[in-house]
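Student: This is the structure, below, for whatever I ask next.
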Amino acid sequence: MESGNRIEAAGSLEERARKNAGQLLSYLVELYLPEGSSTISEGKLAELVSSAFTVLGLDSCTDEERLAVLAEGSVTERFQTGRHMLDEEAHRLAEEAETLDGRLKRLPCQSLHEDLAALGALPQTYDTYFQAHMLPHVLAYEPYGYQDEGRPGLSEAEAWLSCLAEEASWLESLGRKELPELLHEAAPGYEEGTASLRFLVEQHLAWLVPGRREDG
Amino acid sequence: MRDAFMLFATPHLSSPLSQKALACLDEHGLSLSEDALGRLQESESELLSTYGRLALGTGPLSLLAEKTASALSADALEETLSVLEERFFELRELVPPEISDAEIAEALAEALRHFEDDGAALADEDAGTLLALLSDFGDEFCGER
């Protein structure tokens with residue numbers, strides 16, 4: 001009896017989740033597909049659902065957790081709220097990217113500054129409707145300590161910027177105004193490379209690093 | 001518990017034809033038996049699976065029946081609808097995504113009239129020839145996917 005009740009409750013949860021998911025999908029289809037669409041490709045559906053899971057904060061959840069969230073209240077309204085939050089997050093990260101770009105401006109490095117410019121444009125390029133799970137840019141520069149772990153959407157940019165902020169502070173802590181010239185001298189052509197600037201300093205200019213400077 | 005992704009996959013309708021589509025057919029004195037509807041539903045499911053697509057709302061067959069009702073004849077109605085749906089899925093693969101399913105259905109209705117309501121003639125055309133024919137009905141069909 002008890003297990004029967006449990007099955008009934010689970011069924012009703014799934015029904016509510018399915019209904020809410022269907023409403024959200026209808027909303028997205030209305031926005032995404034041309035009017036009069038009677039089919040959607042499995043690939044496009046997967047893209048829409050992945051994006052919706054990111055917006056709803058369900059990326060790292062289990063199927064059971066997703067089901068519970070989808071079964072509660074208006075999923076479409078929560079999707080809209082989540083979208084606005086991600087839009088705000090994109091603005092915040094863009095500002096952070098612009099600040100870091102200013103701090104690192106004196107150090108020429110093509111991949112770094114291209115990545116920062118792309119992140120600075122996130123409010124315009126990040127698609128919270130259909131591709132919230134993806135960054136609209138492949139990050140080429142690899143700040144010290146950063147590892148691409150395939151985080152969803154803005155999480156990847158946040159992790160990257162966090163590592164870059166630490167790297168920028170570390171570079172600033174060296175207190176060497178002539179660092180660009182020293183780097184250029186030690187590693188000609190580094191400006192077009194993708195290696196981390198900190199890694200480059202540690203590799204070629206270890207004598208600049210406090211505690212690793214050679215005596216005398 | 002099924003994959004949460006599957007919650008978004010619209011469950012297929014119990015009938016492949018919506019009430020609106022049935023009413024359109026009825027307006028033109030057309031009807032299908034339960035058996036015929038069952039076969040069309042099975043055929044639609046196979047086509048959806050073959051082309052890796054999912055039905056939205058009332059599905060493509062309803063759309064086709066609504067758009068082509070005036071060009072359909074009582075003779076071989078089931079076969080013609082079946083051919084129309086096969087051609088629909090072929091064309092869906094070939095034309096740009098910004099062309100809606102409704103536009104494809106309308107173009108197929110035009111093509112059916114071009115073949116004087118002969119579904120068999122429509123079935124004989126290969127997809128490329130049909131696409132060339134449809135391009136006469138609208139430039140958008142010339143686009144690349």
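Order determines the names: the first chain of the structure tokens is A, the second B, and so forth; residues in each chain are numbered 1 upward, and ligands are numbered 1 upward as they are shown.
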Pick out the chain B residues within 12 Å of chain A. Count only C-alpha atoms. Give them as number ranges by chain.

Tutor: B: 1-12, 16, 18, 44-45, 47-64, 66-67, 85, 88-89, 92-93, 96-106

Student: Would you put the residues from that selection into a file with C-alpha atoms, as a JSON list (two decimals), in the first residue's frame?

Tutor:
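Ended up saving to part.json:
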[["chain", "number", "residue", "atom", "x", "y", "z"],
["B", 1, "MET", "CA", 12.72, 7.63, -13.69],
["B", 2, "ARG", "CA", 13.23, 8.63, -17.30],
["B", 3, "ASP", "CA", 15.94, 10.99, -18.48],
["B", 4, "ALA", "CA", 14.89, 14.54, -17.55],
["B", 5, "PHE", "CA", 15.53, 15.55, -21.16],
["B", 6, "MET", "CA", 12.68, 13.30, -22.18],
["B", 7, "LEU", "CA", 10.23, 15.37, -20.17],
["B", 8, "PHE", "CA", 10.55, 17.94, -22.93],
["B", 9, "ALA", "CA", 9.82, 15.49, -25.72],
["B", 10, "THR", "CA", 6.18, 15.94, -26.56],
["B", 11, "PRO", "CA", 4.30, 12.68, -26.15],
["B", 12, "HIS", "CA", 2.75, 11.61, -29.41],
["B", 16, "PRO", "CA", -2.05, 11.51, -36.01],
["B", 18, "SER", "CA", -6.00, 16.86, -35.03],
["B", 44, "GLU", "CA", 4.55, 9.13, -38.88],
["B", 45, "SER", "CA", 6.34, 7.67, -35.86],
["B", 47, "LEU", "CA", 9.45, 8.93, -40.19],
["B", 48, "LEU", "CA", 10.06, 11.01, -37.05],
["B", 49, "SER", "CA", 12.46, 8.37, -35.82],
["B", 50, "THR", "CA", 14.21, 8.00, -39.19],
["B", 51, "TYR", "CA", 14.77, 11.74, -39.55],
["B", 52, "GLY", "CA", 15.62, 12.30, -35.88],
["B", 53, "ARG", "CA", 12.79, 14.72, -35.24],
["B", 54, "LEU", "CA", 10.05, 15.11, -32.66],
["B", 55, "ALA", "CA", 6.47, 16.15, -33.28],
["B", 56, "LEU", "CA", 5.33, 19.49, -31.89],
["B", 57, "GLY", "CA", 1.72, 20.24, -31.14],
["B", 58, "THR", "CA", -0.48, 18.27, -33.46],
["B", 59, "GLY", "CA", 2.39, 17.03, -35.62],
["B", 60, "PRO", "CA", 3.17, 17.24, -39.34],
["B", 61, "LEU", "CA", 0.42, 15.04, -40.73],
["B", 62, "SER", "CA", -2.28, 17.31, -39.32],
["B", 63, "LEU", "CA", -0.54, 20.27, -40.86],
["B", 64, "LEU", "CA", -0.35, 18.51, -44.22],
["B", 66, "GLU", "CA", -5.07, 21.03, -43.28],
["B", 67, "LYS", "CA", -2.98, 22.60, -46.04],
["B", 85, "GLU", "CA", 4.39, 13.10, -45.30],
["B", 88, "PHE", "CA", 7.59, 16.55, -46.24],
["B", 89, "PHE", "CA", 10.36, 14.92, -44.18],
["B", 92, "ARG", "CA", 12.51, 19.36, -44.26],
["B", 93, "GLU", "CA", 16.05, 18.00, -44.49],
["B", 96, "PRO", "CA", 16.76, 26.07, -44.84],
["B", 97, "PRO", "CA", 15.52, 25.94, -41.22],
["B", 98, "GLU", "CA", 13.96, 29.39, -41.47],
["B", 99, "ILE", "CA", 11.37, 27.95, -43.85],
["B", 100, "SER", "CA", 8.54, 26.77, -41.65],
["B", 101, "ASP", "CA", 6.88, 23.39, -41.78],
["B", 102, "ALA", "CA", 3.67, 25.20, -42.75],
["B", 103, "GLU", "CA", 5.40, 26.70, -45.80],
["B", 104, "ILE", "CA", 6.65, 23.27, -46.84],
["B", 105, "ALA", "CA", 3.14, 21.88, -46.44],
["B", 106, "GLU", "CA", 1.72, 24.69, -48.54]]

Student: Would you give me, as a list in words, the residues in segment 20-53 of chain A that DSSP reads as helix (DSSP H, G or I)?

Tutor: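 Answer for segment 20-53 of chain A, restricted to helix (DSSP H, G or I): Asn20, Ala21, Gly22, Gln23, Leu24, Leu25, Ser26, Tyr27, Leu28, Val29, Glu30, Leu31, Tyr32, Glu42, Gly43, Lys44, Leu45, Ala46, Glu47, Leu48, Val49, Ser50, Ser51, Ala52 and Phe53 of chain A.
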
Student: Closest to His28 of chain B among B:Ala109, B:Ala71, B:Val83, B:Leu91, using only C-alpha atoms?

Tutor: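 Closest to His28 of chain B of all the choices is B:Ala71.
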
Student: Can you tell me which residues surround Ala118 of chain A at a distance of at most 10 Å, considering only C-alpha atoms, apart from same-chain residues fewer than 5 positions away, and format the answer as a VMD selection string?

Tutor: chain A and resid 94 97 to 98 112 to 113 124 to 125 135 to 139

Student: Please write the residues from the selection above to a file, keeping N, CA, C and O atoms, as an mmCIF file, in the first residue's frame.

Tutor:
data_model
loop_
_atom_site.group_PDB
_atom_site.id
_atom_site.type_symbol
_atom_site.label_atom_id
_atom_site.label_comp_id
_atom_site.auth_asym_id
_atom_site.auth_seq_id
_atom_site.Cartn_x
_atom_site.Cartn_y
_atom_site.Cartn_z
ATOM 1 N N ALA A 94 31.487 40.953 -17.789
ATOM 2 C CA ALA A 94 32.027 41.834 -18.842
ATOM 3 C C ALA A 94 32.794 42.995 -18.208
ATOM 4 O O ALA A 94 33.876 43.372 -18.672
ATOM 5 N N ALA A 97 36.024 41.717 -16.988
ATOM 6 C CA ALA A 97 36.950 41.514 -18.116
ATOM 7 C C ALA A 97 37.550 42.839 -18.563
ATOM 8 O O ALA A 97 38.749 42.923 -18.844
ATOM 9 N N GLU A 98 36.706 43.876 -18.598
ATOM 10 C CA GLU A 98 37.206 45.182 -19.023
ATOM 11 C C GLU A 98 38.225 45.729 -18.017
ATOM 12 O O GLU A 98 39.237 46.315 -18.397
ATOM 13 N N LEU A 112 45.267 36.699 -25.059
ATOM 14 C CA LEU A 112 44.712 37.216 -23.813
ATOM 15 C C LEU A 112 43.746 38.364 -24.073
ATOM 16 O O LEU A 112 42.610 38.365 -23.586
ATOM 17 N N HIS A 113 44.194 39.308 -24.857
ATOM 18 C CA HIS A 113 43.354 40.502 -25.060
ATOM 19 C C HIS A 113 42.168 40.211 -25.977
ATOM 20 O O HIS A 113 41.113 40.832 -25.824
ATOM 21 N N GLN A 124 26.231 41.310 -25.081
ATOM 22 C CA GLN A 124 25.653 41.354 -26.436
ATOM 23 C C GLN A 124 25.638 39.970 -27.094
ATOM 24 O O GLN A 124 24.805 39.704 -27.955
ATOM 25 N N THR A 125 26.558 39.115 -26.713
ATOM 26 C CA THR A 125 26.690 37.851 -27.453
ATOM 27 C C THR A 125 26.153 36.622 -26.723
ATOM 28 O O THR A 125 25.866 35.609 -27.349
ATOM 29 N N LEU A 135 29.554 29.141 -23.804
ATOM 30 C CA LEU A 135 30.150 30.468 -23.970
ATOM 31 C C LEU A 135 30.236 30.745 -25.464
ATOM 32 O O LEU A 135 30.622 29.858 -26.220
ATOM 33 N N PRO A 136 29.900 31.962 -25.888
ATOM 34 C CA PRO A 136 29.953 32.235 -27.334
ATOM 35 C C PRO A 136 31.363 32.538 -27.816
ATOM 36 O O PRO A 136 31.555 33.324 -28.743
ATOM 37 N N HIS A 137 32.354 31.949 -27.164
ATOM 38 C CA HIS A 137 33.743 32.226 -27.533
ATOM 39 C C HIS A 137 34.618 31.099 -26.978
ATOM 40 O O HIS A 137 34.411 30.656 -25.849
ATOM 41 N N VAL A 138 35.575 30.663 -27.769
ATOM 42 C CA VAL A 138 36.514 29.649 -27.281
ATOM 43 C C VAL A 138 37.705 30.382 -26.664
ATOM 44 O O VAL A 138 38.374 31.170 -27.341
ATOM 45 N N LEU A 139 37.938 30.153 -25.380
ATOM 46 C CA LEU A 139 39.018 30.849 -24.680
ATOM 47 C C LEU A 139 40.358 30.233 -25.072
ATOM 48 O O LEU A 139 40.576 29.031 -24.880
#

Student: Could you tell me how far atom CA of Leu197 of chain A lies from atom CA of Cys163 of chain A, in Å and to one decimal?

Tutor: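 These two atoms are separated by 11.9 Å.
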
Student: Within 9 Å of segment 77-82 of chain A, counting only C-alpha atoms, which residues qualify if same-chain residues fewer than 4 places away don't, as a list in words?

Tutor: Leu24, Ala52, Phe53, Thr54, Val55, Leu56, Gly57, Gly73, Leu86, Asp87 and Thr128 of chain A

Student: Nearest to Arg113 of chain B among B:Ser43, B:Ser33, B:Ser15, B:Ser73, with distances taken over only C-alpha atoms: which residue is it?

Tutor: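 Of B:Ser43, B:Ser33, B:Ser15, B:Ser73, the one nearest Arg113 of chain B is B:Ser73, counting only C-alpha atoms.
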
Student: Quick one: everything within 10 Å of Phe199 of chain A, counting only C-alpha atoms, minus sequence neighbours fewer than 5 positions away in the same chain. Send it as a PyMOL selection string.

Tutor: chain A and resi 142-145+167+204-206

Student: Could you name the residues that touch His133 of chain A at 6 Å or less, counting only C-alpha atoms, but leaving out those on the same chain fewer than 5 positions away, as a PyMOL selection string?

Tutor: chain A and resi 51+54+152-153

Student: Would you please work out which residue, of A:Leu93, A:Leu31, A:Leu104, A:Leu13, is nearest to Ala71 of chain A when using only C-alpha atoms?

Tutor: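 Result for the nearest residue to Ala71 of chain A: A:Leu13.
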
Student: Extract, using only C-alpha atoms, all DNA, RNA and protein residues at most 12 Å from Leu107 of chain A, discarding same-chain residues fewer than 6 positions from it, and format them as a list of chain:residue names.

Tutor: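 Final neighbour list, sorted by chain and number: A:Leu100, A:Asp101, A:His113, A:Ala168, A:Leu171, A:Glu172, A:Arg176, A:Lys177, A:Glu178, A:Leu179, A:Pro180, A:Glu181, A:Leu182, A:Leu183, A:His184, A:Tyr190, A:Glu191, A:Glu192, A:Ser196, A:Leu197, A:Arg198.
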